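Novice: Sharing a structure here in structure tokens format.
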Amino acid sequence: SYWAITPMDAVCIVAAVLVPARNPRLVQSKHGEEPKESEYMELRECPPRVDWMAVSLCGACVLLAGMAEAAIAFWLYTYAMDHLHLTSTFASTVNTLFFAMFTATRFFCGWLVTFMNAASILKGSLAIALLASLAMLLPEVGLVTGSQWLPCLGLIGVGVGVAPVSANSITALSEKTFISGSAQGSIRVLAALGAMLGASGTGLLQTFPAIAEAALPVVVLFSLAAETVVTIAMLWYCGDGA
């Protein structure tokens with residue numbers, strides 16, 4: 001079902017971007033009726049310019065955050081059962097906590113943004129996500145042994161860290177450039193692509209014996225490391241790097 005729904009999501013977003021919209025320079029008549037051809041009036045304001053470099057960096061941020069989010073969302077239960085050897089009840093509990101904390105963090109950051117800017121939230125959330133991803137990876141490389149709960153806390157922590165990224169990346173982008181419908185659609189296409197890569201990429205890596213057991217932590221850590229680099233570049237470009 002995933003392979004059917006996600007491409008449909010991408011196709012619908014592309015279609016929405018390509019649907020011809022009414023020229024924003026044309027206004028309606030006073031009574032809201034469709035004006036006759038002779039009644040069209042052209043607005044003198046030029047449409048704002050879109051900074052596509054900033055849009056591309058924001059899209060990359062959303063894509064990479066989506067990779068980490070989708071990888072855990074799709075594989076957490078299987079990872080907890082088959083690799084961490086948790087019982088079905090405990091695995092379900094961890095899975096529920098991930099989604100609960102993820103959702104709660106989005107609501108919390110929606111309130112927090114009224115007190116601090118989006119750039120600060122992005123920096124803090126990525127720091128949390130990176131530390132949490134290390135908690136997932138350390139047992140895989142043998143630096144921590146005999147712990148089943150450390151990777152579980154890492155999984156939940158990554159969810160907390162990536163939850164605010166998408167919304168706050170776009171907020172930071174809006175402070176740099178006008179976001180047109182095409183720009184918004186492009187970002188959504190990249191978000192769908194990130195979800196596809198995170199879920200399917202983790203499954204693909206599990207087919208290779210050398211990395212099969214560490215597939216999920218590797219995908220999450222890779223995406224978050226790349227996310228950090230791209231976010232720093234975006235904030236610097238948008239003037240919020242300090």
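Within each chain, counting starts at residue 1; across the structure tokens, chains are named A, B, ... in the order shown, with ligands numbered 1 upward in that order.
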List the neighbours of Leu131 in chain A out to 12 Å using only C-alpha atoms; skip same-chain residues closer than 6 positions along the sequence, and give me the result as a PDB file with N, CA and C atoms, in the first residue's frame.
Specialist:
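Written output follows (result28.pdb):
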```pdb
ATOM      1  N   GLY A 124      18.078  23.705  18.008  1.00  0.00           N
ATOM      2  CA  GLY A 124      17.866  22.860  19.183  1.00  0.00           C
ATOM      3  C   GLY A 124      17.312  21.492  18.839  1.00  0.00           C
ATOM      4  N   SER A 125      16.362  21.441  17.908  1.00  0.00           N
ATOM      5  CA  SER A 125      15.751  20.157  17.561  1.00  0.00           C
ATOM      6  C   SER A 125      16.743  19.235  16.874  1.00  0.00           C
ATOM      7  N   LEU A 137      22.853   4.145  17.585  1.00  0.00           N
ATOM      8  CA  LEU A 137      23.990   3.543  16.879  1.00  0.00           C
ATOM      9  C   LEU A 137      25.027   2.926  17.802  1.00  0.00           C
ATOM     10  N   LEU A 138      25.221   3.490  18.987  1.00  0.00           N
ATOM     11  CA  LEU A 138      26.281   3.012  19.880  1.00  0.00           C
ATOM     12  C   LEU A 138      26.192   1.515  20.176  1.00  0.00           C
ATOM     13  N   LEU A 150      18.251   1.730  25.520  1.00  0.00           N
ATOM     14  CA  LEU A 150      18.952   2.872  24.959  1.00  0.00           C
ATOM     15  C   LEU A 150      18.557   3.114  23.500  1.00  0.00           C
ATOM     16  N   PRO A 151      18.529   2.093  22.642  1.00  0.00           N
ATOM     17  CA  PRO A 151      18.051   2.332  21.272  1.00  0.00           C
ATOM     18  C   PRO A 151      16.593   2.781  21.228  1.00  0.00           C
ATOM     19  N   LEU A 153      15.008   4.615  23.501  1.00  0.00           N
ATOM     20  CA  LEU A 153      15.004   6.037  23.839  1.00  0.00           C
ATOM     21  C   LEU A 153      15.527   6.865  22.669  1.00  0.00           C
ATOM     22  N   GLY A 154      16.510   6.304  21.961  1.00  0.00           N
ATOM     23  CA  GLY A 154      17.032   6.989  20.787  1.00  0.00           C
ATOM     24  C   GLY A 154      15.984   7.146  19.705  1.00  0.00           C
ATOM     25  N   LEU A 155      15.210   6.101  19.463  1.00  0.00           N
ATOM     26  CA  LEU A 155      14.141   6.165  18.465  1.00  0.00           C
ATOM     27  C   LEU A 155      13.130   7.254  18.797  1.00  0.00           C
ATOM     28  N   ILE A 156      12.713   7.287  20.058  1.00  0.00           N
ATOM     29  CA  ILE A 156      11.743   8.303  20.483  1.00  0.00           C
ATOM     30  C   ILE A 156      12.359   9.695  20.426  1.00  0.00           C
ATOM     31  N   GLY A 157      13.629   9.791  20.823  1.00  0.00           N
ATOM     32  CA  GLY A 157      14.317  11.082  20.804  1.00  0.00           C
ATOM     33  C   GLY A 157      14.464  11.651  19.402  1.00  0.00           C
ATOM     34  N   VAL A 158      14.731  10.787  18.436  1.00  0.00           N
ATOM     35  CA  VAL A 158      14.821  11.258  17.049  1.00  0.00           C
ATOM     36  C   VAL A 158      13.467  11.808  16.599  1.00  0.00           C
ATOM     37  N   GLY A 159      12.395  11.133  17.003  1.00  0.00           N
ATOM     38  CA  GLY A 159      11.061  11.632  16.674  1.00  0.00           C
ATOM     39  C   GLY A 159      10.821  13.020  17.233  1.00  0.00           C
ATOM     40  N   VAL A 160      11.258  13.233  18.482  1.00  0.00           N
ATOM     41  CA  VAL A 160      11.125  14.557  19.102  1.00  0.00           C
ATOM     42  C   VAL A 160      11.956  15.587  18.331  1.00  0.00           C
ATOM     43  N   GLY A 161      13.153  15.164  17.896  1.00  0.00           N
ATOM     44  CA  GLY A 161      14.049  16.102  17.219  1.00  0.00           C
ATOM     45  C   GLY A 161      13.601  16.503  15.827  1.00  0.00           C
ATOM     46  N   VAL A 162      13.046  15.562  15.063  1.00  0.00           N
ATOM     47  CA  VAL A 162      12.682  15.880  13.669  1.00  0.00           C
ATOM     48  C   VAL A 162      11.273  16.455  13.544  1.00  0.00           C
ATOM     49  N   VAL A 220      19.037   6.582   9.691  1.00  0.00           N
ATOM     50  CA  VAL A 220      18.654   7.731  10.524  1.00  0.00           C
ATOM     51  C   VAL A 220      19.849   8.651  10.753  1.00  0.00           C
ATOM     52  N   LEU A 221      21.007   8.074  11.113  1.00  0.00           N
ATOM     53  CA  LEU A 221      22.183   8.903  11.389  1.00  0.00           C
ATOM     54  C   LEU A 221      22.661   9.615  10.128  1.00  0.00           C
ATOM     55  N   LEU A 224      20.271  12.501   9.308  1.00  0.00           N
ATOM     56  CA  LEU A 224      20.375  13.611  10.252  1.00  0.00           C
ATOM     57  C   LEU A 224      21.700  14.351  10.106  1.00  0.00           C
ATOM     58  N   ALA A 225      22.787  13.623   9.804  1.00  0.00           N
ATOM     59  CA  ALA A 225      24.070  14.295   9.577  1.00  0.00           C
ATOM     60  C   ALA A 225      23.979  15.203   8.355  1.00  0.00           C
TER      61      ALA A 225
END
```
Novice: Identify, on the basis of only C-alpha atoms, every residue whose closest approach to Val189 in chain A does not exceed 10 Å; exclude the query and any residue fewer than 2 positions from it along the same chain; express the result as an mmCIF file with all heavy atoms, in the first residue's frame.
Specialist:
```
data_model
loop_
_atom_site.group_PDB
_atom_site.id
_atom_site.type_symbol
_atom_site.label_atom_id
_atom_site.label_comp_id
_atom_site.auth_asym_id
_atom_site.auth_seq_id
_atom_site.Cartn_x
_atom_site.Cartn_y
_atom_site.Cartn_z
ATOM 1 N N PRO A 7 3.468 7.430 -4.241
ATOM 2 C CA PRO A 7 3.546 8.005 -5.599
ATOM 3 C C PRO A 7 2.290 8.791 -5.977
ATOM 4 O O PRO A 7 2.376 9.809 -6.671
ATOM 5 C CB PRO A 7 3.712 6.766 -6.495
ATOM 6 C CG PRO A 7 4.310 5.729 -5.610
ATOM 7 C CD PRO A 7 3.706 5.987 -4.256
ATOM 8 N N ASP A 9 0.521 10.513 -3.915
ATOM 9 C CA ASP A 9 0.684 11.783 -3.220
ATOM 10 C C ASP A 9 1.561 12.726 -4.039
ATOM 11 O O ASP A 9 1.228 13.896 -4.242
ATOM 12 C CB ASP A 9 1.304 11.530 -1.844
ATOM 13 C CG ASP A 9 1.485 12.816 -1.042
ATOM 14 O OD1 ASP A 9 0.671 13.727 -1.215
ATOM 15 O OD2 ASP A 9 2.439 12.873 -0.247
ATOM 16 N N ALA A 10 2.683 12.179 -4.543
ATOM 17 C CA ALA A 10 3.595 12.994 -5.345
ATOM 18 C C ALA A 10 2.930 13.465 -6.634
ATOM 19 O O ALA A 10 3.077 14.619 -7.038
ATOM 20 C CB ALA A 10 4.860 12.208 -5.646
ATOM 21 N N VAL A 11 2.194 12.570 -7.282
ATOM 22 C CA VAL A 11 1.528 12.925 -8.536
ATOM 23 C C VAL A 11 0.485 14.016 -8.311
ATOM 24 O O VAL A 11 0.376 14.970 -9.096
ATOM 25 C CB VAL A 11 0.869 11.681 -9.171
ATOM 26 C CG1 VAL A 11 -0.051 12.078 -10.318
ATOM 27 C CG2 VAL A 11 1.939 10.719 -9.675
ATOM 28 N N CYS A 12 -0.277 13.901 -7.238
ATOM 29 C CA CYS A 12 -1.300 14.910 -6.938
ATOM 30 C C CYS A 12 -0.675 16.268 -6.650
ATOM 31 O O CYS A 12 -1.217 17.312 -7.044
ATOM 32 C CB CYS A 12 -2.150 14.463 -5.746
ATOM 33 S SG CYS A 12 -3.253 13.071 -6.116
ATOM 34 N N ILE A 13 0.474 16.264 -5.969
ATOM 35 C CA ILE A 13 1.142 17.536 -5.676
ATOM 36 C C ILE A 13 1.629 18.180 -6.966
ATOM 37 O O ILE A 13 1.450 19.386 -7.191
ATOM 38 C CB ILE A 13 2.318 17.313 -4.702
ATOM 39 C CG1 ILE A 13 1.790 16.873 -3.334
ATOM 40 C CG2 ILE A 13 3.137 18.589 -4.560
ATOM 41 C CD1 ILE A 13 2.870 16.431 -2.379
ATOM 42 N N VAL A 14 2.246 17.371 -7.842
ATOM 43 C CA VAL A 14 2.721 17.899 -9.129
ATOM 44 C C VAL A 14 1.544 18.432 -9.945
ATOM 45 O O VAL A 14 1.619 19.512 -10.547
ATOM 46 C CB VAL A 14 3.478 16.814 -9.912
ATOM 47 C CG1 VAL A 14 3.824 17.304 -11.314
ATOM 48 C CG2 VAL A 14 4.737 16.405 -9.168
ATOM 49 N N GLY A 59 13.847 22.692 0.790
ATOM 50 C CA GLY A 59 13.344 21.401 0.314
ATOM 51 C C GLY A 59 14.248 20.252 0.718
ATOM 52 O O GLY A 59 13.773 19.169 1.084
ATOM 53 N N VAL A 62 13.620 19.470 4.395
ATOM 54 C CA VAL A 62 12.381 18.719 4.579
ATOM 55 C C VAL A 62 12.553 17.281 4.095
ATOM 56 O O VAL A 62 12.071 16.335 4.724
ATOM 57 C CB VAL A 62 11.228 19.420 3.829
ATOM 58 C CG1 VAL A 62 9.965 18.582 3.871
ATOM 59 C CG2 VAL A 62 10.959 20.791 4.443
ATOM 60 N N LEU A 63 13.257 17.090 2.983
ATOM 61 C CA LEU A 63 13.489 15.740 2.451
ATOM 62 C C LEU A 63 14.262 14.883 3.453
ATOM 63 O O LEU A 63 13.872 13.744 3.745
ATOM 64 C CB LEU A 63 14.248 15.841 1.130
ATOM 65 C CG LEU A 63 14.536 14.526 0.369
ATOM 66 C CD1 LEU A 63 14.596 14.789 -1.132
ATOM 67 C CD2 LEU A 63 15.847 13.877 0.816
ATOM 68 N N ALA A 183 6.776 26.975 -5.488
ATOM 69 C CA ALA A 183 7.795 26.689 -4.477
ATOM 70 C C ALA A 183 7.252 25.744 -3.407
ATOM 71 O O ALA A 183 7.914 24.778 -3.010
ATOM 72 C CB ALA A 183 8.265 28.000 -3.834
ATOM 73 N N GLN A 184 6.030 26.001 -2.943
ATOM 74 C CA GLN A 184 5.409 25.137 -1.945
ATOM 75 C C GLN A 184 5.202 23.736 -2.495
ATOM 76 O O GLN A 184 5.450 22.736 -1.805
ATOM 77 C CB GLN A 184 4.068 25.729 -1.512
ATOM 78 C CG GLN A 184 3.333 24.928 -0.450
ATOM 79 C CD GLN A 184 4.022 24.969 0.905
ATOM 80 O OE1 GLN A 184 4.820 25.851 1.172
ATOM 81 N NE2 GLN A 184 3.716 24.019 1.756
ATOM 82 N N GLY A 185 4.751 23.640 -3.741
ATOM 83 C CA GLY A 185 4.564 22.331 -4.352
ATOM 84 C C GLY A 185 5.868 21.582 -4.484
ATOM 85 O O GLY A 185 5.934 20.355 -4.260
ATOM 86 N N SER A 186 6.949 22.289 -4.845
ATOM 87 C CA SER A 186 8.261 21.645 -4.973
ATOM 88 C C SER A 186 8.737 21.088 -3.634
ATOM 89 O O SER A 186 9.293 19.984 -3.561
ATOM 90 C CB SER A 186 9.283 22.653 -5.512
ATOM 91 O OG SER A 186 8.906 23.134 -6.782
ATOM 92 N N ILE A 187 8.506 21.848 -2.576
ATOM 93 C CA ILE A 187 8.902 21.377 -1.242
ATOM 94 C C ILE A 187 8.111 20.134 -0.854
ATOM 95 O O ILE A 187 8.654 19.178 -0.279
ATOM 96 C CB ILE A 187 8.699 22.506 -0.204
ATOM 97 C CG1 ILE A 187 9.677 23.647 -0.469
ATOM 98 C CG2 ILE A 187 8.894 21.975 1.218
ATOM 99 C CD1 ILE A 187 9.429 24.888 0.375
ATOM 100 N N ALA A 191 9.368 16.419 0.082
ATOM 101 C CA ALA A 191 8.963 15.764 1.331
ATOM 102 C C ALA A 191 8.471 14.344 1.051
ATOM 103 O O ALA A 191 8.807 13.399 1.787
ATOM 104 C CB ALA A 191 7.865 16.581 2.013
ATOM 105 N N ALA A 192 7.676 14.187 -0.012
ATOM 106 C CA ALA A 192 7.199 12.844 -0.384
ATOM 107 C C ALA A 192 8.356 11.949 -0.782
ATOM 108 O O ALA A 192 8.400 10.761 -0.444
ATOM 109 C CB ALA A 192 6.188 12.956 -1.525
ATOM 110 N N LEU A 193 9.331 12.524 -1.498
ATOM 111 C CA LEU A 193 10.505 11.746 -1.901
ATOM 112 C C LEU A 193 11.304 11.295 -0.689
ATOM 113 O O LEU A 193 11.795 10.158 -0.633
ATOM 114 C CB LEU A 193 11.378 12.591 -2.831
ATOM 115 C CG LEU A 193 12.664 11.935 -3.346
ATOM 116 C CD1 LEU A 193 12.343 10.687 -4.161
ATOM 117 C CD2 LEU A 193 13.464 12.932 -4.189
ATOM 118 N N GLY A 194 11.441 12.182 0.307
ATOM 119 C CA GLY A 194 12.155 11.812 1.531
ATOM 120 C C GLY A 194 11.480 10.662 2.259
ATOM 121 O O GLY A 194 12.150 9.749 2.768
#
```
Novice: Any idea what the distance is between CA of Asn95 in chain A and CA of Leu76 in chain A?
Specialist: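 Separating CA of Asn95 in chain A from CA of Leu76 in chain A is a distance of 6.4 Å.
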Novice: Give me, as a list in words, all polymer residues having an atom no more than 12 Å from Lys176 in chain A, counting only C-alpha atoms and skipping those fewer than 5 positions away in the same chain.
Specialist: Pro48, Arg49, Val50, Asp51, Trp52, Met53, Ala54, Val55, Leu57, Cys58, Ala119, Ser169, Ile170, Thr171, Met234, Leu235, Trp236, Tyr237, Cys238, Gly239 and Asp240 of chain A
Novice: Can I get the selected residues back with N, CA, C and O atoms, as a short mmCIF file (atom, residue, chain, number, x, y, z; two decimals), in the first residue's frame?
Specialist:
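And here's again39.cif as it stands now:
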```cif
data_model
loop_
_atom_site.label_atom_id
_atom_site.label_comp_id
_atom_site.auth_asym_id
_atom_site.auth_seq_id
_atom_site.Cartn_x
_atom_site.Cartn_y
_atom_site.Cartn_z
N PRO A 48 6.08 39.02 -6.35
CA PRO A 48 7.36 38.92 -5.63
C PRO A 48 8.27 37.86 -6.27
O PRO A 48 7.81 36.85 -6.81
N ARG A 49 9.56 38.10 -6.18
CA ARG A 49 10.53 37.16 -6.73
C ARG A 49 10.76 36.01 -5.76
O ARG A 49 10.84 36.22 -4.55
N VAL A 50 10.88 34.82 -6.29
CA VAL A 50 11.15 33.63 -5.48
C VAL A 50 12.64 33.33 -5.53
O VAL A 50 13.23 33.24 -6.61
N ASP A 51 13.24 33.20 -4.37
CA ASP A 51 14.66 32.82 -4.29
C ASP A 51 14.74 31.30 -4.31
O ASP A 51 14.55 30.63 -3.29
N TRP A 52 15.02 30.73 -5.48
CA TRP A 52 14.97 29.28 -5.63
C TRP A 52 16.14 28.57 -4.95
O TRP A 52 16.05 27.38 -4.65
N MET A 53 17.23 29.29 -4.69
CA MET A 53 18.31 28.68 -3.92
C MET A 53 17.84 28.41 -2.49
O MET A 53 18.06 27.32 -1.93
N ALA A 54 17.17 29.40 -1.90
CA ALA A 54 16.63 29.21 -0.55
C ALA A 54 15.57 28.13 -0.54
O ALA A 54 15.51 27.30 0.39
N VAL A 55 14.73 28.10 -1.56
CA VAL A 55 13.69 27.07 -1.65
C VAL A 55 14.32 25.69 -1.76
O VAL A 55 13.86 24.72 -1.13
N LEU A 57 17.29 24.70 -0.67
CA LEU A 57 17.87 24.32 0.63
C LEU A 57 16.78 23.91 1.61
O LEU A 57 16.94 22.92 2.35
N CYS A 58 15.68 24.64 1.62
CA CYS A 58 14.56 24.27 2.49
C CYS A 58 13.99 22.92 2.09
O CYS A 58 13.69 22.08 2.95
N ALA A 119 14.73 29.65 13.52
CA ALA A 119 16.12 29.21 13.42
C ALA A 119 16.60 28.59 14.73
O ALA A 119 17.29 27.56 14.73
N SER A 169 11.44 24.93 9.06
CA SER A 169 12.26 25.19 7.87
C SER A 169 11.52 26.13 6.93
O SER A 169 12.10 27.07 6.37
N ILE A 170 10.23 25.88 6.75
CA ILE A 170 9.42 26.73 5.87
C ILE A 170 9.24 28.12 6.47
O ILE A 170 9.25 29.13 5.76
N THR A 171 9.11 28.20 7.80
CA THR A 171 9.02 29.50 8.46
C THR A 171 10.30 30.30 8.25
O THR A 171 10.26 31.51 7.95
N MET A 234 21.31 26.51 4.96
CA MET A 234 20.08 27.28 4.74
C MET A 234 20.00 28.48 5.69
O MET A 234 19.67 29.60 5.26
N LEU A 235 20.31 28.25 6.97
CA LEU A 235 20.23 29.35 7.94
C LEU A 235 21.27 30.42 7.63
O LEU A 235 21.01 31.62 7.79
N TRP A 236 22.45 30.00 7.18
CA TRP A 236 23.47 30.97 6.80
C TRP A 236 23.01 31.77 5.59
O TRP A 236 23.13 33.00 5.56
N TYR A 237 22.46 31.09 4.61
CA TYR A 237 21.99 31.76 3.39
C TYR A 237 20.83 32.71 3.69
O TYR A 237 20.72 33.78 3.09
N CYS A 238 19.97 32.28 4.60
CA CYS A 238 18.81 33.10 4.94
C CYS A 238 19.12 34.19 5.96
O CYS A 238 18.23 34.95 6.36
N GLY A 239 20.38 34.21 6.42
CA GLY A 239 20.77 35.26 7.35
C GLY A 239 20.53 34.96 8.79
O GLY A 239 20.56 35.86 9.63
N ASP A 240 20.28 33.66 9.13
CA ASP A 240 20.02 33.27 10.52
C ASP A 240 21.08 32.33 11.05
O ASP A 240 20.85 31.55 11.95
#
```
Novice: Nearest residue to Ala172 in chain A out of A:Ser120, A:Ala15, A:Ala80, A:Ala4, using only C-alpha atoms?
Specialist: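 Between A:Ser120, A:Ala15, A:Ala80, A:Ala4, the residue approaching Ala172 in chain A most closely is A:Ser120.
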Novice: Please provide the set of residues having any atom within 12 Å of Phe90 in chain A, restricted to only C-alpha atoms, with same-chain residues fewer than 5 positions apart removed, written as a list in words.
Specialist: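 Residues meeting the cut-off are Leu76, Tyr77, Thr78, Ala80, Met81, Leu84, His85, Asn95, Thr96, Leu97, Gln148, Trp149 and Cys152 of chain A.
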Novice: Using all heavy atoms, can you write the selected residues to a file as an mmCIF file, in the first residue's frame?
Specialist:
```
data_model
loop_
_atom_site.group_PDB
_atom_site.id
_atom_site.type_symbol
_atom_site.label_atom_id
_atom_site.label_comp_id
_atom_site.auth_asym_id
_atom_site.auth_seq_id
_atom_site.Cartn_x
_atom_site.Cartn_y
_atom_site.Cartn_z
ATOM 1 N N LEU A 76 10.048 0.871 13.016
ATOM 2 C CA LEU A 76 10.283 0.818 14.461
ATOM 3 C C LEU A 76 9.809 -0.498 15.070
ATOM 4 O O LEU A 76 10.550 -1.151 15.811
ATOM 5 C CB LEU A 76 9.586 2.006 15.139
ATOM 6 C CG LEU A 76 9.892 2.218 16.629
ATOM 7 C CD1 LEU A 76 9.719 3.691 16.991
ATOM 8 C CD2 LEU A 76 8.993 1.393 17.546
ATOM 9 N N TYR A 77 8.597 -0.890 14.773
ATOM 10 C CA TYR A 77 8.044 -2.102 15.407
ATOM 11 C C TYR A 77 8.847 -3.340 15.005
ATOM 12 O O TYR A 77 9.199 -4.170 15.855
ATOM 13 C CB TYR A 77 6.582 -2.271 15.003
ATOM 14 C CG TYR A 77 5.892 -3.427 15.705
ATOM 15 C CD1 TYR A 77 5.419 -3.290 17.001
ATOM 16 C CD2 TYR A 77 5.737 -4.660 15.063
ATOM 17 C CE1 TYR A 77 4.796 -4.337 17.651
ATOM 18 C CE2 TYR A 77 5.117 -5.715 15.701
ATOM 19 C CZ TYR A 77 4.646 -5.554 16.996
ATOM 20 O OH TYR A 77 4.039 -6.609 17.623
ATOM 21 N N THR A 78 9.168 -3.458 13.729
ATOM 22 C CA THR A 78 9.958 -4.603 13.257
ATOM 23 C C THR A 78 11.345 -4.601 13.879
ATOM 24 O O THR A 78 11.860 -5.647 14.293
ATOM 25 C CB THR A 78 10.076 -4.562 11.721
ATOM 26 O OG1 THR A 78 8.782 -4.583 11.152
ATOM 27 C CG2 THR A 78 10.883 -5.743 11.204
ATOM 28 N N ALA A 80 12.245 -3.243 16.758
ATOM 29 C CA ALA A 80 12.141 -3.563 18.180
ATOM 30 C C ALA A 80 11.903 -5.053 18.409
ATOM 31 O O ALA A 80 12.445 -5.637 19.355
ATOM 32 C CB ALA A 80 11.010 -2.746 18.805
ATOM 33 N N MET A 81 11.123 -5.669 17.530
ATOM 34 C CA MET A 81 10.811 -7.089 17.689
ATOM 35 C C MET A 81 11.957 -7.989 17.249
ATOM 36 O O MET A 81 12.402 -8.878 17.993
ATOM 37 C CB MET A 81 9.556 -7.422 16.884
ATOM 38 C CG MET A 81 8.271 -6.863 17.469
ATOM 39 S SD MET A 81 7.675 -7.804 18.886
ATOM 40 C CE MET A 81 7.188 -9.334 18.082
ATOM 41 N N LEU A 84 15.914 -5.890 18.572
ATOM 42 C CA LEU A 84 16.062 -5.645 20.012
ATOM 43 C C LEU A 84 15.443 -6.762 20.841
ATOM 44 O O LEU A 84 15.637 -6.808 22.054
ATOM 45 C CB LEU A 84 15.416 -4.309 20.382
ATOM 46 C CG LEU A 84 16.000 -3.068 19.706
ATOM 47 C CD1 LEU A 84 15.257 -1.817 20.161
ATOM 48 C CD2 LEU A 84 17.486 -2.935 19.993
ATOM 49 N N HIS A 85 14.671 -7.627 20.188
ATOM 50 C CA HIS A 85 14.053 -8.790 20.829
ATOM 51 C C HIS A 85 13.126 -8.394 21.991
ATOM 52 O O HIS A 85 13.103 -9.039 23.050
ATOM 53 C CB HIS A 85 15.132 -9.763 21.334
ATOM 54 C CG HIS A 85 16.098 -10.184 20.273
ATOM 55 N ND1 HIS A 85 15.716 -10.932 19.172
ATOM 56 C CD2 HIS A 85 17.432 -9.925 20.116
ATOM 57 C CE1 HIS A 85 16.767 -11.140 18.401
ATOM 58 N NE2 HIS A 85 17.819 -10.543 18.942
ATOM 59 N N ASN A 95 6.445 1.971 20.051
ATOM 60 C CA ASN A 95 5.869 2.508 18.817
ATOM 61 C C ASN A 95 4.852 3.619 19.127
ATOM 62 O O ASN A 95 4.840 4.679 18.495
ATOM 63 C CB ASN A 95 5.209 1.384 18.035
ATOM 64 C CG ASN A 95 4.888 1.771 16.604
ATOM 65 O OD1 ASN A 95 5.764 2.244 15.872
ATOM 66 N ND2 ASN A 95 3.660 1.567 16.186
ATOM 67 N N THR A 96 4.010 3.367 20.127
ATOM 68 C CA THR A 96 3.011 4.360 20.528
ATOM 69 C C THR A 96 3.663 5.608 21.095
ATOM 70 O O THR A 96 3.252 6.740 20.785
ATOM 71 C CB THR A 96 2.057 3.754 21.570
ATOM 72 O OG1 THR A 96 1.400 2.616 21.012
ATOM 73 C CG2 THR A 96 1.022 4.770 22.017
ATOM 74 N N LEU A 97 4.698 5.422 21.912
ATOM 75 C CA LEU A 97 5.398 6.560 22.497
ATOM 76 C C LEU A 97 6.060 7.419 21.428
ATOM 77 O O LEU A 97 6.079 8.651 21.538
ATOM 78 C CB LEU A 97 6.443 6.079 23.508
ATOM 79 C CG LEU A 97 5.911 5.592 24.851
ATOM 80 C CD1 LEU A 97 7.042 5.003 25.680
ATOM 81 C CD2 LEU A 97 5.238 6.733 25.602
ATOM 82 N N GLN A 148 18.727 -2.749 25.868
ATOM 83 C CA GLN A 148 17.661 -2.712 24.876
ATOM 84 C C GLN A 148 16.937 -1.369 24.880
ATOM 85 O O GLN A 148 16.364 -0.969 23.867
ATOM 86 C CB GLN A 148 16.651 -3.834 25.153
ATOM 87 C CG GLN A 148 17.196 -5.236 24.972
ATOM 88 C CD GLN A 148 16.167 -6.278 25.364
ATOM 89 O OE1 GLN A 148 15.566 -6.190 26.437
ATOM 90 N NE2 GLN A 148 15.952 -7.260 24.502
ATOM 91 N N TRP A 149 16.986 -0.684 26.027
ATOM 92 C CA TRP A 149 16.208 0.538 26.156
ATOM 93 C C TRP A 149 16.904 1.757 25.590
ATOM 94 O O TRP A 149 16.240 2.724 25.211
ATOM 95 C CB TRP A 149 15.856 0.766 27.630
ATOM 96 C CG TRP A 149 14.844 -0.211 28.098
ATOM 97 C CD1 TRP A 149 15.046 -1.306 28.893
ATOM 98 C CD2 TRP A 149 13.454 -0.226 27.752
ATOM 99 N NE1 TRP A 149 13.872 -1.981 29.080
ATOM 100 C CE2 TRP A 149 12.874 -1.347 28.395
ATOM 101 C CE3 TRP A 149 12.634 0.589 26.978
ATOM 102 C CZ2 TRP A 149 11.525 -1.670 28.280
ATOM 103 C CZ3 TRP A 149 11.300 0.283 26.854
ATOM 104 C CH2 TRP A 149 10.759 -0.843 27.507
ATOM 105 N N CYS A 152 15.766 2.269 22.149
ATOM 106 C CA CYS A 152 14.357 2.682 22.181
ATOM 107 C C CYS A 152 14.232 4.166 22.515
ATOM 108 O O CYS A 152 13.449 4.895 21.889
ATOM 109 C CB CYS A 152 13.588 1.849 23.198
ATOM 110 S SG CYS A 152 13.409 0.110 22.758
#
```
Novice: Tell me which of A:Ile128, A:Leu86, A:Ala91, A:Arg106 sits closest to Thr228 in chain A, counting only C-alpha atoms.
Specialist: A:Ile128
Novice: Which of range 54-182 of chain A end up as helix (DSSP H, G or I) when DSSP is run on this backbone - answer as a PyMOL selection string?
Specialist: chain A and resi 54-83+88-112+118-141+149-162+165-174+181-182
Novice: Tell me which of A:Gly203, A:Pro217, A:Gly66, A:Pro209 sits closest to Ala135 in chain A, counting only C-alpha atoms.
Specialist: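 Between A:Gly203, A:Pro217, A:Gly66, A:Pro209, the residue approaching Ala135 in chain A most closely is A:Pro217.
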